[in-house]
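Reading through the structure tokens given below for one structure.
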Amino acid sequence: MIVLNRQAWRRAACILWMMGLGCAAAAQAADVPGPHRLAFHVSDDKYLNSFLQEGPVAAHLVLRSGRDPRMVVAFPAGDSGVALWFDRTSVPVKWELQRRPEAKVSKDGKGRMLYGITASVAGTVPELTIRHAILSSVRVIRDYESLGTVPAGIDTPPVTTGATVEWARDRLDGAAGYRLALSVTDGRLQGDHITAGRDGRIAMTLTALSGEKPLTPLAEADVLNRQAQDDQAARDTLAFLSYREKFLAGSWRFDTYFGRDTLLSLYLLMPALKADAVEDGLDSVLARLSPKGEVAHEEDIGEQAVLDHLKTGVRSDSPVYSYQMVDEDYLLAPLAAAWLLEPHSRERAAAFLAGTVGAPGQPGVSGGEALVRNLRLVLRNASAFAQAPEVAHLIGLKPGVPVGDWRDGANGLGGGHYPYDVNAALVPAALDAVARLEASGVLARYLTPADRHLFARAAQMASVWHEKAPPLFDVVVPHARAVQAIEAYASAQGIEPKVALTALGSSDVRFHALALEPSGKPIPVMQSDEGFRLLFGHPDARSLDDIAALIRPFPAGLLTGVGMVVANPVFCAPKCQALFTPNEYQGAVIWSWQQALFAAGLARQLERPDLPAATRARLRQAQRRLWAVIDVTRSRQNAELWSWTYHGGHYRVRPFGASGADVTESDAAQLWSTVYLAIPRPRK
């Protein structure tokens, strides 16, 4: 009842706010705090990001400076947005905000509500030429940015009135759509051309609106408990991405539900989260399961859903869920076990499992029924390898799908078919979790007689996977060849190899391949996904020694002066190395959450009482080195990823997307990058 009452008051306050009474008046009228306001600002090289939540408005303004200027406003509502590209300029543009975004609510010509922002922006540049505007789904904007393609019916002609150029249209299904307007306040507008004023500057008022239904934001106080770390930037980022209906993966490019991001973030953040926030997130995953129990990777909503349905001649905005990934299916069980068995009473677990979940427009089932559907899938998929542990029985990518785990860029697995993280860490972890849940009896009322026989085998199956799967990915590089490879790669990258070679010592190099080809041949790329085994598994001392050795200086290991790269291709062929450059999305780049995963995993392993002293010392050294580079880049740790350059014997941060050679750009706010709120820095 507390949650329902709070939501009811929030709705009442928002209605008053939309009527023009303002937050203070709304609060006074409702006799409760008004709709919270969250506003923060992140600048990174040529990207200026301004975030706002207020009343029914949630928006992220992104201004890209440089010679290819661009404006984007992304809305969590409907994963919608508006974007404006300008022609390449003769001199670089440096955008600044003269007035940060303010919430704006208005109506379209048919009296339907539109929600968005207005802001004043300026730049010192002699002229700008408008190239293209898109008003649609964020997915459509992303595709135009990377591919230059636009679906039919999306392009919107501008209308110029005096000093204002405006684009406006309904959604493709006739629902309330979008509006983008630029009013030149310093300079002159002629058609699609803007010239600077006498001061050499161009200033404009930007208005961006969307008709998509607003989400229900969760304030920081709704999400975090007293155990959360005191990091206001991370708190702000998490709050912007947290809604009663779901958690968003990241902004601006992923302003909607992603199953993997939700599950991993909840698992790592759990010690710092309030109970309702965890259960809201779990509900969002359970509600989107496929009939077979697969975890939804992503949802298409708003106009992207309309576009999907129109391909089959159907006029609908019903959400469309994708299930092409394989890793997400094995992440739900560990989270469910951690939440239902460890931190709370059996009464709360029973109530959660008995509660109804269901996607909008779909019949609801109990949380217990939905969870068992996924666990049943896990056990059936893992059975073949448990009976005959060979490569052909590992979990591979789905037919016709070139990606399957978090490395879901085009080259993320280097052409591999069996991902290391899925098979060596996530499947065993899921089986462990099923065994714990079955033994606890918490699922008893949801299991059929056939289920009980299958679930009783989970512990034995887990043992086989833990023992037999990781060795299939073993790679051993003889010392002499390792030295030669490191010297050649370092020379090609312009890196001084001495520190890396010194750290290498005289031993052969041992690590696990990124993935296996269908034949079982390893893709010999050193990788950071050992963090999953540290977090979920119980590796023996030899394995832990090899994992600790990954925190050697790059390119002998993964550690640069500005972070741990997620892939090091030093030991693979040149053709393979070209897939993992510092310009690739999952190449030799630093992902914030992967460092957090590794840090949390190291802390977990160091809690074990059974480790030899030498192994414990190696893990502590790896922990110190990892946290040293985490501290160096703390100011950007809420972002998605970054890259590096090397000059004068030192690594320097290079924002991903700042180079024209980068395949895409990085989000300024990423859900799983906020997990440091639950991962304290170890004491010295």
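Starting from 1 in every chain, residues are counted up; chains themselves are A, B, ... following the order of the structure tokens, and ligands are numbered from 1 as listed.
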- Task: Using backbone DSSP assignments, extract all alpha helix (DSSP H) residues from segment 144-280 of chain A; output them as a PyMOL selection string.
- Result: chain A and resi 144-147+220-223+232-240+259-269+275-280
Please dump the current selection as a PDB file, in the first residue's frame; keep C-alpha atoms.
ATOM      1  CA  TYR A 144      21.017   6.814 -39.116  1.00  0.00           C
ATOM      2  CA  GLU A 145      24.138   7.817 -37.191  1.00  0.00           C
ATOM      3  CA  SER A 146      25.942   4.548 -37.963  1.00  0.00           C
ATOM      4  CA  LEU A 147      24.414   3.423 -41.260  1.00  0.00           C
ATOM      5  CA  GLU A 220      17.434   8.210  -5.419  1.00  0.00           C
ATOM      6  CA  ALA A 221      15.709   7.627  -2.083  1.00  0.00           C
ATOM      7  CA  ASP A 222      13.445   5.022  -3.703  1.00  0.00           C
ATOM      8  CA  VAL A 223      16.388   3.028  -5.057  1.00  0.00           C
ATOM      9  CA  GLN A 232      26.732  11.676  -6.105  1.00  0.00           C
ATOM     10  CA  ALA A 233      27.585  11.355  -9.798  1.00  0.00           C
ATOM     11  CA  ALA A 234      26.819   7.629  -9.710  1.00  0.00           C
ATOM     12  CA  ARG A 235      23.681   8.239  -7.666  1.00  0.00           C
ATOM     13  CA  ASP A 236      22.438  10.782 -10.207  1.00  0.00           C
ATOM     14  CA  THR A 237      23.168   8.443 -13.105  1.00  0.00           C
ATOM     15  CA  LEU A 238      21.379   5.525 -11.470  1.00  0.00           C
ATOM     16  CA  ALA A 239      18.374   7.697 -10.579  1.00  0.00           C
ATOM     17  CA  PHE A 240      18.033   8.917 -14.168  1.00  0.00           C
ATOM     18  CA  GLY A 259      17.723  -7.989 -19.897  1.00  0.00           C
ATOM     19  CA  ARG A 260      21.447  -8.558 -19.475  1.00  0.00           C
ATOM     20  CA  ASP A 261      22.093  -5.042 -18.216  1.00  0.00           C
ATOM     21  CA  THR A 262      19.226  -5.255 -15.741  1.00  0.00           C
ATOM     22  CA  LEU A 263      20.286  -8.631 -14.319  1.00  0.00           C
ATOM     23  CA  LEU A 264      23.986  -7.903 -13.967  1.00  0.00           C
ATOM     24  CA  SER A 265      23.349  -4.463 -12.520  1.00  0.00           C
ATOM     25  CA  LEU A 266      20.875  -5.765  -9.954  1.00  0.00           C
ATOM     26  CA  TYR A 267      23.226  -8.562  -8.933  1.00  0.00           C
ATOM     27  CA  LEU A 268      26.197  -6.254  -8.401  1.00  0.00           C
ATOM     28  CA  LEU A 269      24.173  -3.395  -6.912  1.00  0.00           C
ATOM     29  CA  ALA A 275      14.047  -4.239  -1.623  1.00  0.00           C
ATOM     30  CA  ASP A 276      11.334  -2.680  -3.782  1.00  0.00           C
ATOM     31  CA  ALA A 277      13.901  -1.584  -6.380  1.00  0.00           C
ATOM     32  CA  VAL A 278      15.330  -5.105  -6.681  1.00  0.00           C
ATOM     33  CA  GLU A 279      11.882  -6.614  -7.036  1.00  0.00           C
ATOM     34  CA  ASP A 280      10.794  -3.995  -9.572  1.00  0.00           C
TER      35      ASP A 280
END
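Atom CA of Ala203 of chain A is found 6.9 Å from atom CA of Gly187 of chain A.
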- Task: Have a look at A:Lys110, A:Arg533, A:Arg608, A:Arg288 and name the one nearest to Gly358 of chain A; count only C-alpha atoms.
- Result: A:Arg288
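Considering the residues A:Ser322, A:Asn374, A:Thr356, A:Ser463 and counting only C-alpha atoms, Pro389 of chain A has its shortest atom-to-atom contact with A:Ser463.
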For Phe656 of chain A, please output as a PDB file with C-alpha atoms, in the first residue's frame all residues within 7 Å (counting only C-alpha atoms; exclusion window: fewer than 3 positions along the same chain).
ATOM      1  CA  LEU A 641      33.519   2.763 -22.083  1.00  0.00           C
ATOM      2  CA  TRP A 642      36.631   4.652 -23.122  1.00  0.00           C
ATOM      3  CA  SER A 643      39.817   4.064 -25.077  1.00  0.00           C
ATOM      4  CA  ASP A 662      35.776   4.602 -33.615  1.00  0.00           C
ATOM      5  CA  GLU A 665      30.285   6.411 -29.414  1.00  0.00           C
ATOM      6  CA  SER A 666      29.985   5.817 -25.697  1.00  0.00           C
TER       7      SER A 666
END
- 12 Å contact set for Asp230 of chain A, only C-alpha atoms, chain neighbours under 3 positions out, as a count of residues only: 16
Each residue of segment 56-100 of chain A with at least one atom at most 9 Å from segment 175-186 of chain A should appear once, together with its nearest atom pair and the corresponding distance in Å (one decimal); atoms considered: only C-alpha atoms; ordering: chain, then increasing residue number; output as a Markdown table.
| residue | atom | partner | partner_atom | distance |
| --- | --- | --- | --- | --- |
| A:Ser80 | CA | A:Tyr178 | CA | 8.7 |
| A:Gly81 | CA | A:Tyr178 | CA | 8.0 |
| A:Val82 | CA | A:Leu180 | CA | 6.7 |
| A:Ala83 | CA | A:Leu180 | CA | 8.2 |
| A:Leu84 | CA | A:Leu180 | CA | 8.8 |
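Secondary structure from DSSP on the backbone puts strand (DSSP E) at the following positions of segment 282-479 of chain A: A:Glu298, A:Glu299, A:Asp300, A:Val320, A:Tyr321, A:Ser322, A:Thr356, A:Val357, A:Val365, A:Ser366, A:Tyr418, A:Pro419, A:Asp474, A:Val475, A:Val476, A:Val477.
Closest to Gln304 of chain A among A:Gln98, A:Gln190, A:Ser316, A:Thr502 is A:Ser316, based on only C-alpha atoms.
The two atoms in question, atom CA of Gly660 of chain A and atom CA of Ala492 of chain A, are spaced 19.8 Å apart.
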- Task: Extract, using only C-alpha atoms, all DNA, RNA and protein residues at most 12 Å from Ala628 of chain A, discarding same-chain residues fewer than 2 positions from it, and format them as a VMD selection string.
- Result: chain A and resid 551 559 to 564 595 599 621 to 626 630 to 634 681 to 682 684
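Residues within 12 Å of His479 of chain A, counting only C-alpha atoms and excluding same-chain residues fewer than 3 positions away, are Val476, Ala482, Val483, Gln484, Ala485, Ile486, Leu501, Leu504, Gly505, Ser506, Ser507, Asp508, Val509, Arg510, Ala556 and Phe571 of chain A.
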Create the file for the chosen residues now, containing N, CA and C atoms and written as a PDB file, in the first residue's frame.
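So the final result, stored in again_13.pdb, reads:
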ATOM      1  N   VAL A 476      47.899 -21.913 -24.122  1.00  0.00           N
ATOM      2  CA  VAL A 476      49.241 -21.819 -23.542  1.00  0.00           C
ATOM      3  C   VAL A 476      50.186 -21.306 -24.620  1.00  0.00           C
ATOM      4  N   ALA A 482      55.822 -15.845 -26.755  1.00  0.00           N
ATOM      5  CA  ALA A 482      55.104 -14.748 -26.107  1.00  0.00           C
ATOM      6  C   ALA A 482      55.918 -13.460 -26.165  1.00  0.00           C
ATOM      7  N   VAL A 483      57.197 -13.563 -25.883  1.00  0.00           N
ATOM      8  CA  VAL A 483      58.070 -12.380 -25.943  1.00  0.00           C
ATOM      9  C   VAL A 483      58.068 -11.784 -27.346  1.00  0.00           C
ATOM     10  N   GLN A 484      58.222 -12.640 -28.342  1.00  0.00           N
ATOM     11  CA  GLN A 484      58.243 -12.177 -29.732  1.00  0.00           C
ATOM     12  C   GLN A 484      56.924 -11.494 -30.100  1.00  0.00           C
ATOM     13  N   ALA A 485      55.802 -12.090 -29.682  1.00  0.00           N
ATOM     14  CA  ALA A 485      54.491 -11.521 -30.012  1.00  0.00           C
ATOM     15  C   ALA A 485      54.283 -10.174 -29.324  1.00  0.00           C
ATOM     16  N   ILE A 486      54.698 -10.073 -28.072  1.00  0.00           N
ATOM     17  CA  ILE A 486      54.529  -8.814 -27.329  1.00  0.00           C
ATOM     18  C   ILE A 486      55.368  -7.707 -27.952  1.00  0.00           C
ATOM     19  N   LEU A 501      57.243  -6.841 -20.650  1.00  0.00           N
ATOM     20  CA  LEU A 501      58.145  -7.991 -20.723  1.00  0.00           C
ATOM     21  C   LEU A 501      58.736  -8.324 -19.360  1.00  0.00           C
ATOM     22  N   LEU A 504      56.274 -10.211 -17.410  1.00  0.00           N
ATOM     23  CA  LEU A 504      56.050 -11.549 -17.949  1.00  0.00           C
ATOM     24  C   LEU A 504      56.922 -12.589 -17.261  1.00  0.00           C
ATOM     25  N   GLY A 505      58.122 -12.189 -16.851  1.00  0.00           N
ATOM     26  CA  GLY A 505      59.033 -13.138 -16.230  1.00  0.00           C
ATOM     27  C   GLY A 505      59.528 -14.166 -17.227  1.00  0.00           C
ATOM     28  N   SER A 506      59.712 -15.393 -16.760  1.00  0.00           N
ATOM     29  CA  SER A 506      60.256 -16.441 -17.623  1.00  0.00           C
ATOM     30  C   SER A 506      59.271 -17.580 -17.877  1.00  0.00           C
ATOM     31  N   SER A 507      58.036 -17.394 -17.459  1.00  0.00           N
ATOM     32  CA  SER A 507      57.056 -18.473 -17.576  1.00  0.00           C
ATOM     33  C   SER A 507      56.307 -18.402 -18.906  1.00  0.00           C
ATOM     34  N   ASP A 508      55.727 -19.536 -19.286  1.00  0.00           N
ATOM     35  CA  ASP A 508      54.792 -19.541 -20.399  1.00  0.00           C
ATOM     36  C   ASP A 508      53.557 -18.723 -20.000  1.00  0.00           C
ATOM     37  N   VAL A 509      52.813 -18.276 -20.996  1.00  0.00           N
ATOM     38  CA  VAL A 509      51.595 -17.498 -20.744  1.00  0.00           C
ATOM     39  C   VAL A 509      50.394 -18.419 -20.850  1.00  0.00           C
ATOM     40  N   ARG A 510      49.564 -18.409 -19.800  1.00  0.00           N
ATOM     41  CA  ARG A 510      48.374 -19.253 -19.761  1.00  0.00           C
ATOM     42  C   ARG A 510      47.144 -18.366 -19.589  1.00  0.00           C
ATOM     43  N   ALA A 556      51.303  -7.552 -22.233  1.00  0.00           N
ATOM     44  CA  ALA A 556      51.490  -8.884 -21.656  1.00  0.00           C
ATOM     45  C   ALA A 556      50.223  -9.329 -20.936  1.00  0.00           C
ATOM     46  N   PHE A 571      48.267 -12.277 -28.977  1.00  0.00           N
ATOM     47  CA  PHE A 571      48.709 -13.620 -29.339  1.00  0.00           C
ATOM     48  C   PHE A 571      47.929 -14.239 -30.492  1.00  0.00           C
TER      49      PHE A 571
END
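The closest residue to Pro158 of chain A, picked from A:Gly537, A:Gly191, A:Pro655, A:Pro522 and counting only C-alpha atoms, is A:Gly191.
Proximity to Val125 of chain A at 9 Å, evaluated using only C-alpha atoms and with sequence-adjacent residues fewer than 3 positions away removed, yields Thr89, Ser90, Val91, Pro92, Val93, Lys94, Leu128, Thr195, Ala196, Gly200, Arg201 and Ile202 of chain A.
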- Among the residues A:Gln670, A:Thr615, A:Asn411, A:Thr161, the one that comes closest to Ala515 of chain A [using only C-alpha atoms]: A:Asn411
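You will find atom CA of Ala639 of chain A at 14.8 Å from atom CA of Gln586 of chain A.
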